[in-house]
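Text of final-v8.cif, listed as mmCIF, C-alpha atoms and all ligand atoms:
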```cif
data_start
#
loop_
_atom_site.label_atom_id
_atom_site.label_comp_id
_atom_site.auth_asym_id
_atom_site.auth_seq_id
_atom_site.Cartn_x
_atom_site.Cartn_y
_atom_site.Cartn_z
CA MET X 138 116.44 102.03 99.76
CA ILE X 139 114.60 104.08 102.35
CA LYS X 140 114.56 107.78 101.58
CA PHE X 141 114.67 110.59 104.09
CA LYS X 142 115.57 114.24 104.13
CA LYS X 143 118.58 115.41 106.10
CA TYR X 144 117.96 118.49 108.22
CA TYR X 145 120.75 120.94 109.06
CA PRO X 146 121.38 122.97 112.25
CA ASP X 147 119.58 126.14 111.07
CA GLU X 148 116.57 123.94 110.29
CA PHE X 149 116.81 122.24 113.68
CA ARG X 150 116.36 125.73 115.15
CA LYS X 151 113.10 126.17 113.24
CA LEU X 152 111.93 122.66 114.08
CA ARG X 153 112.59 123.51 117.74
CA ASN X 154 110.37 126.60 117.46
CA ALA X 155 107.53 124.69 115.82
CA GLY X 156 107.83 121.83 118.29
CA ARG X 157 107.78 124.23 121.23
CA VAL X 158 104.55 125.90 120.07
CA SER X 159 102.83 122.50 119.74
CA SER X 160 103.95 121.25 123.15
CA LYS X 161 103.06 124.56 124.81
CA CYS X 162 99.63 124.28 123.24
CA LEU X 163 99.13 120.92 124.96
CA ASP X 164 100.46 122.37 128.23
CA TYR X 165 97.91 125.20 127.85
CA ILE X 166 94.86 122.97 127.40
CA GLU X 167 95.81 120.34 129.98
CA ASP X 168 93.96 121.76 132.98
CA LYS X 169 91.02 122.85 130.80
CA ILE X 170 90.13 119.27 129.91
CA LYS X 171 87.33 118.55 132.36
CA PRO X 172 84.00 116.71 132.29
CA GLY X 173 81.43 118.75 130.34
CA ILE X 174 83.67 120.34 127.71
CA THR X 175 83.37 119.26 124.10
CA THR X 176 86.14 118.18 121.77
CA GLN X 177 85.15 121.17 119.61
CA ASN X 178 85.93 123.40 122.64
CA ILE X 179 89.42 121.87 122.72
CA ASP X 180 89.82 122.52 118.98
CA GLU X 181 88.88 126.18 119.46
CA MET X 182 91.27 126.65 122.39
CA CYS X 183 94.13 125.15 120.38
CA VAL X 184 93.40 127.27 117.31
CA LYS X 185 93.42 130.43 119.42
CA PHE X 186 96.69 129.42 121.03
CA LEU X 187 98.38 128.58 117.74
CA HIS X 188 97.30 131.80 116.06
CA LYS X 189 98.47 133.84 119.04
CA HIS X 190 101.88 132.25 118.54
CA ASN X 191 101.99 132.90 114.78
CA ALA X 192 101.50 129.26 113.93
CA TYR X 193 99.21 127.60 111.42
CA SER X 194 97.45 124.38 112.20
CA ALA X 195 98.67 121.77 109.71
CA PRO X 196 95.75 119.29 109.94
CA LEU X 197 93.09 121.84 108.86
CA PHE X 198 92.02 120.79 105.33
CA TYR X 199 94.95 118.34 105.14
CA ARG X 200 93.63 115.75 102.66
CA GLY X 201 90.19 117.13 103.50
CA PHE X 202 90.44 116.82 107.29
CA PRO X 203 87.76 119.26 108.52
CA LYS X 204 89.23 120.48 111.83
CA SER X 205 92.46 121.91 113.25
CA ILE X 206 93.43 119.13 115.67
CA CYS X 207 92.59 115.48 116.24
CA THR X 208 90.70 114.44 119.38
CA SER X 209 90.49 110.69 119.91
CA VAL X 210 88.28 109.53 122.79
CA ASN X 211 88.40 106.09 124.50
CA HIS X 212 88.27 103.39 121.80
CA VAL X 213 89.16 105.90 119.08
CA VAL X 214 92.73 105.07 118.04
CA CYS X 215 93.56 108.27 116.12
CA HIS X 216 92.24 110.95 113.73
CA GLY X 217 89.09 111.62 115.80
CA ILE X 218 87.28 114.72 114.50
CA PRO X 219 86.41 117.41 117.08
CA SER X 220 82.63 117.68 117.52
CA ASN X 221 80.00 118.91 119.97
CA LYS X 222 80.16 115.60 121.85
CA THR X 223 80.89 116.34 125.54
CA LEU X 224 83.60 114.57 127.47
CA ASN X 225 82.52 112.64 130.56
CA GLU X 226 84.28 111.81 133.79
CA GLY X 227 86.30 108.64 133.19
CA ASP X 228 87.00 109.25 129.50
CA ILE X 229 90.51 109.39 128.07
CA VAL X 230 91.16 111.76 125.16
CA ASN X 231 94.19 112.06 122.93
CA VAL X 232 94.79 115.57 121.61
CA ASP X 233 97.09 115.70 118.58
CA VAL X 234 98.46 119.12 117.59
CA THR X 235 100.65 119.89 114.58
CA SER X 236 101.77 123.49 114.24
CA LEU X 237 103.40 124.99 111.17
CA VAL X 238 105.84 127.79 112.03
CA GLU X 239 108.04 129.45 109.40
CA GLY X 240 107.67 126.47 107.09
CA TYR X 241 108.46 123.75 109.64
CA HIS X 242 106.15 121.33 111.45
CA GLY X 243 105.99 120.28 115.10
CA ASP X 244 103.78 117.21 115.63
CA THR X 245 102.91 116.00 119.13
CA SER X 246 100.08 114.38 121.04
CA ARG X 247 99.23 113.34 124.58
CA THR X 248 96.40 111.34 126.09
CA PHE X 249 94.61 113.16 128.92
CA CYS X 250 92.37 111.71 131.61
CA VAL X 251 88.98 113.41 132.03
CA GLY X 252 88.33 113.74 135.76
CA LYS X 253 88.87 110.51 137.63
CA VAL X 254 89.39 107.50 135.36
CA SER X 255 89.52 103.76 136.02
CA VAL X 256 92.75 102.10 137.12
CA LYS X 257 92.65 100.19 133.82
CA ALA X 258 92.57 103.38 131.76
CA LYS X 259 95.21 105.09 133.88
CA ASN X 260 97.61 102.17 133.45
CA LEU X 261 97.12 102.06 129.69
CA VAL X 262 97.92 105.77 129.46
CA LYS X 263 100.97 105.41 131.72
CA ILE X 264 102.42 102.43 129.86
CA THR X 265 101.85 104.09 126.47
CA LYS X 266 103.79 107.17 127.56
CA GLU X 267 106.55 105.01 129.03
CA ALA X 268 106.79 103.04 125.76
CA LEU X 269 107.34 106.26 123.80
CA ASP X 270 109.90 107.54 126.30
CA ARG X 271 111.81 104.25 126.27
CA SER X 272 111.97 104.21 122.48
CA ILE X 273 113.35 107.75 122.43
CA LYS X 274 116.11 106.83 124.89
CA ILE X 275 117.72 104.42 122.39
CA LEU X 276 117.93 106.93 119.52
CA LYS X 277 121.35 107.76 118.06
CA PRO X 278 123.15 107.35 114.73
CA GLY X 279 123.70 103.70 113.79
CA VAL X 280 120.66 102.32 115.61
CA HIS X 281 118.37 100.33 113.31
CA LEU X 282 114.87 101.65 112.67
CA GLY X 283 113.50 98.25 113.73
CA ASN X 284 114.90 98.73 117.23
CA ILE X 285 112.42 101.56 117.84
CA GLY X 286 109.46 99.29 117.16
CA ASN X 287 111.04 96.45 119.11
CA GLU X 288 111.49 98.63 122.18
CA ILE X 289 107.81 99.68 122.12
CA GLN X 290 106.37 96.29 121.22
CA THR X 291 108.26 94.22 123.78
CA TYR X 292 107.48 96.70 126.56
CA VAL X 293 103.72 96.96 125.98
CA GLU X 294 103.12 93.30 125.09
CA LYS X 295 104.79 92.29 128.36
CA LYS X 296 102.06 94.36 130.05
CA GLY X 297 99.32 92.57 128.07
CA TYR X 298 98.63 95.36 125.58
CA SER X 299 98.85 95.40 121.79
CA VAL X 300 100.52 97.73 119.27
CA VAL X 301 98.42 99.20 116.45
CA ARG X 302 99.87 98.19 113.06
CA ASP X 303 97.61 100.20 110.75
CA PHE X 304 99.09 103.60 111.61
CA CYS X 305 102.67 104.63 112.18
CA GLY X 306 105.07 107.49 112.85
CA HIS X 307 106.63 109.38 109.95
CA GLY X 308 109.34 111.69 108.77
CA VAL X 309 108.34 115.30 109.41
CA GLY X 310 109.81 118.76 108.88
CA LYS X 311 109.14 120.84 105.80
CA GLU X 312 106.26 118.48 105.00
CA PHE X 313 103.68 117.22 107.49
CA HIS X 314 104.30 113.61 106.48
CA GLU X 315 107.61 112.55 104.91
CA GLU X 316 109.44 109.30 104.44
CA PRO X 317 110.23 107.04 106.15
CA ASN X 318 107.40 105.33 108.02
CA ILE X 319 108.27 104.66 111.65
CA LEU X 320 106.69 101.39 112.77
CA HIS X 321 105.87 100.86 116.44
CA TYR X 322 106.55 97.12 116.27
CA GLY X 323 109.50 95.23 114.83
CA LYS X 324 112.74 93.37 115.39
CA ASN X 325 116.11 94.58 116.58
CA GLY X 326 118.76 94.95 113.89
CA THR X 327 116.27 95.29 111.04
CA GLY X 328 115.66 98.26 108.76
CA PRO X 329 117.99 101.11 107.84
CA LYS X 330 120.26 102.79 110.38
CA LEU X 331 119.51 106.17 111.89
CA GLN X 332 121.69 109.05 110.72
CA GLU X 333 122.35 112.52 112.03
CA GLY X 334 119.82 115.01 110.63
CA MET X 335 116.87 112.62 110.39
CA VAL X 336 113.67 114.11 111.80
CA PHE X 337 110.61 111.99 112.48
CA THR X 338 107.77 111.29 114.86
CA ILE X 339 107.28 108.33 117.13
CA GLU X 340 103.60 108.04 118.04
CA PRO X 341 102.65 104.60 119.39
CA MET X 342 98.94 103.77 119.56
CA ILE X 343 98.49 101.09 122.20
CA ASN X 344 95.30 99.09 122.72
CA ALA X 345 94.05 97.42 125.89
CA GLY X 346 92.62 94.66 123.65
CA LYS X 347 93.55 93.45 120.17
CA HIS X 348 95.54 95.54 117.69
CA GLU X 349 93.04 95.56 114.80
CA THR X 350 91.42 98.86 113.81
CA LYS X 351 88.79 100.08 111.37
CA VAL X 352 87.97 103.50 109.95
CA LEU X 353 84.43 104.84 110.40
CA ASN X 354 82.24 106.15 107.59
CA ASP X 355 83.49 109.72 108.08
CA GLY X 356 86.67 108.50 106.38
CA TRP X 357 88.92 109.55 109.29
CA THR X 358 87.98 108.23 112.73
CA ALA X 359 89.98 105.05 113.42
CA VAL X 360 88.64 102.83 116.21
CA THR X 361 89.63 99.53 117.78
CA LYS X 362 87.69 96.68 116.17
CA ASP X 363 87.02 95.10 119.56
CA LYS X 364 85.99 98.48 121.11
CA SER X 365 88.84 98.27 123.61
CA LEU X 366 90.48 101.43 124.97
CA SER X 367 93.36 102.94 123.02
CA ALA X 368 95.97 105.50 124.08
CA GLN X 369 98.66 107.43 122.20
CA PHE X 370 101.58 109.77 122.81
CA GLU X 371 103.66 111.45 120.11
CA HIS X 372 106.92 113.39 119.92
CA THR X 373 108.86 114.92 117.04
CA VAL X 374 112.57 114.09 117.36
CA GLY X 375 115.75 114.93 115.45
CA ILE X 376 118.81 112.67 115.38
CA THR X 377 121.99 114.43 116.54
CA ASN X 378 125.63 113.29 116.36
CA ASN X 379 125.35 111.39 119.66
CA GLY X 380 121.66 110.99 120.43
CA CYS X 381 118.52 112.94 119.67
CA GLU X 382 116.74 116.18 120.38
CA ILE X 383 113.06 116.04 121.36
CA PHE X 384 111.51 119.10 119.70
CA THR X 385 108.13 118.69 121.39
CA LEU X 386 109.17 118.17 125.02
CA SER X 387 106.73 119.70 127.54
N1 LIG H 401 98.90 114.61 113.56
C1 LIG H 401 98.61 113.33 112.98
C2 LIG H 401 99.89 112.57 112.98
O1 LIG H 401 100.42 112.38 114.03
C3 LIG H 401 98.07 113.41 111.61
C4 LIG H 401 96.76 114.00 111.53
S1 LIG H 401 96.33 114.08 109.89
C5 LIG H 401 94.79 114.70 109.96
O2 LIG H 401 100.46 112.22 111.99
F1 LIG H 401 94.49 115.00 108.77
F2 LIG H 401 94.00 113.82 110.51
F3 LIG H 401 94.82 115.75 110.72
CO CO H 402 102.45 112.39 113.45
CO CO H 403 100.28 114.01 115.33
#
```
Would you kindly transcribe this structure into structure tokens?
Amino acid sequence: MIKFKKYYPDEFRKLRNAGRVSSKCLDYIEDKIKPGITTQNIDEMCVKFLHKHNAYSAPLFYRGFPKSICTSVNHVVCHGIPSNKTLNEGDIVNVDVTSLVEGYHGDTSRTFCVGKVSVKAKNLVKITKEALDRSIKILKPGVHLGNIGNEIQTYVEKKGYSVVRDFCGHGVGKEFHEEPNILHYGKNGTGPKLQEGMVFTIEPMINAGKHETKVLNDGWTAVTKDKSLSAQFEHTVGITNNGCEIFTLS
């Protein structure tokens, strides 16, 4: 039996507030991501924004994570640690923000292009975002969890990309990470059925090369084993009586 917490309408209101702060934070930094800035600069801008909006940053010290956001550049799949490394023209960088507002979490990420990027990189970013959007469109009570992964996997594999298996989406709300795991690959009609009140993230990590990843010695930074580019987008969604609400829409 898969466990998950059911969230009620007054909690949806709080999830909406938390989600809005996180997505507005990404809106705020978007045009500031330019060649020459460091990922630490992005961390500082996000922290300022979150504090101004009475939000805590959930990743800071979460299981020992040392910074307030994740910044994952090029072949980094996820959990990149902000540092004084500068971003260069042609890089892609995923910025993952999780705000905590009045006890509820809003978890979202986008992959940004730094200056002008290659056609290859631009396509990977575009298809990854489309995969997330397509998977959200199918959400409503009664749909099997496996259909989410199937939607993402069939779409990106058709384009020649691969789906990361080692990391997944997750229930979210009062806790940063709750049950169940949300896999970004799978088969239609498998897994438990969605029910009203479920709240979770979908956050596909899509690689231009093979799906395998490894974690660097810092214990956090996950990279593609074959050094191929990787992109990611993430939304926090809540299942409603006839569909879903995206709490982290831009
Ligand atoms: N925000 C990430 C997610 O989407 C988790 C980051 S955990 C951290 O689940 F510790 F690395 F920050
Ligand atoms: Co998440
Ligand atoms: Co996240």
**Asked** Do you have the atom CA of Gly286 of chain X-atom CA of Thr373 of chain X distance handy?
**Response** 15.6 Å
**Prompt:** What do you get as a ChimeraX atom specification if you pick all residues at most 9 Å from ligand CO 403 (chain H), counting only C-alpha atoms and all ligand atoms?
**Reply:** /X:196,206-207,215-216,232-235,243-246,306,338,340,370-373
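Closest approach to Pro278 of chain X from the set X:Ala258, X:Met335, X:Met182, X:Val352 is made by X:Met335, with distances taken over all atoms listed in the file.
For the choices X:Leu163, X:Ile218, X:Ile319, X:Ile376, the atom-to-atom distance to ligand LIG 401 (chain H) is smallest for X:Ile218 when using all atoms listed in the file.
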**Message:** Within 8 Å of (86.9, 105.1, 125.4) in the file's own coordinates, which protein, DNA or RNA residues have an atom, counting all atoms listed in the file? List them as JSON, numbers by chain.
**Reply:** {"X": [210, 211, 212, 213, 228, 229, 230, 364, 365, 366, 367]}
**Fill in**
From the list X:Asn191, X:Asn344, X:Gln332, X:Thr385, the nearest residue to ligand CO 402 (chain H) using all atoms listed in the file is X:Thr385
**Request:** Rounded to one decimal place, report the atom CA of Val374 of chain X-atom CA of Val309 of chain X distance in Å.
**Result:**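 Computing it gives 9.1 Å between the two atoms.
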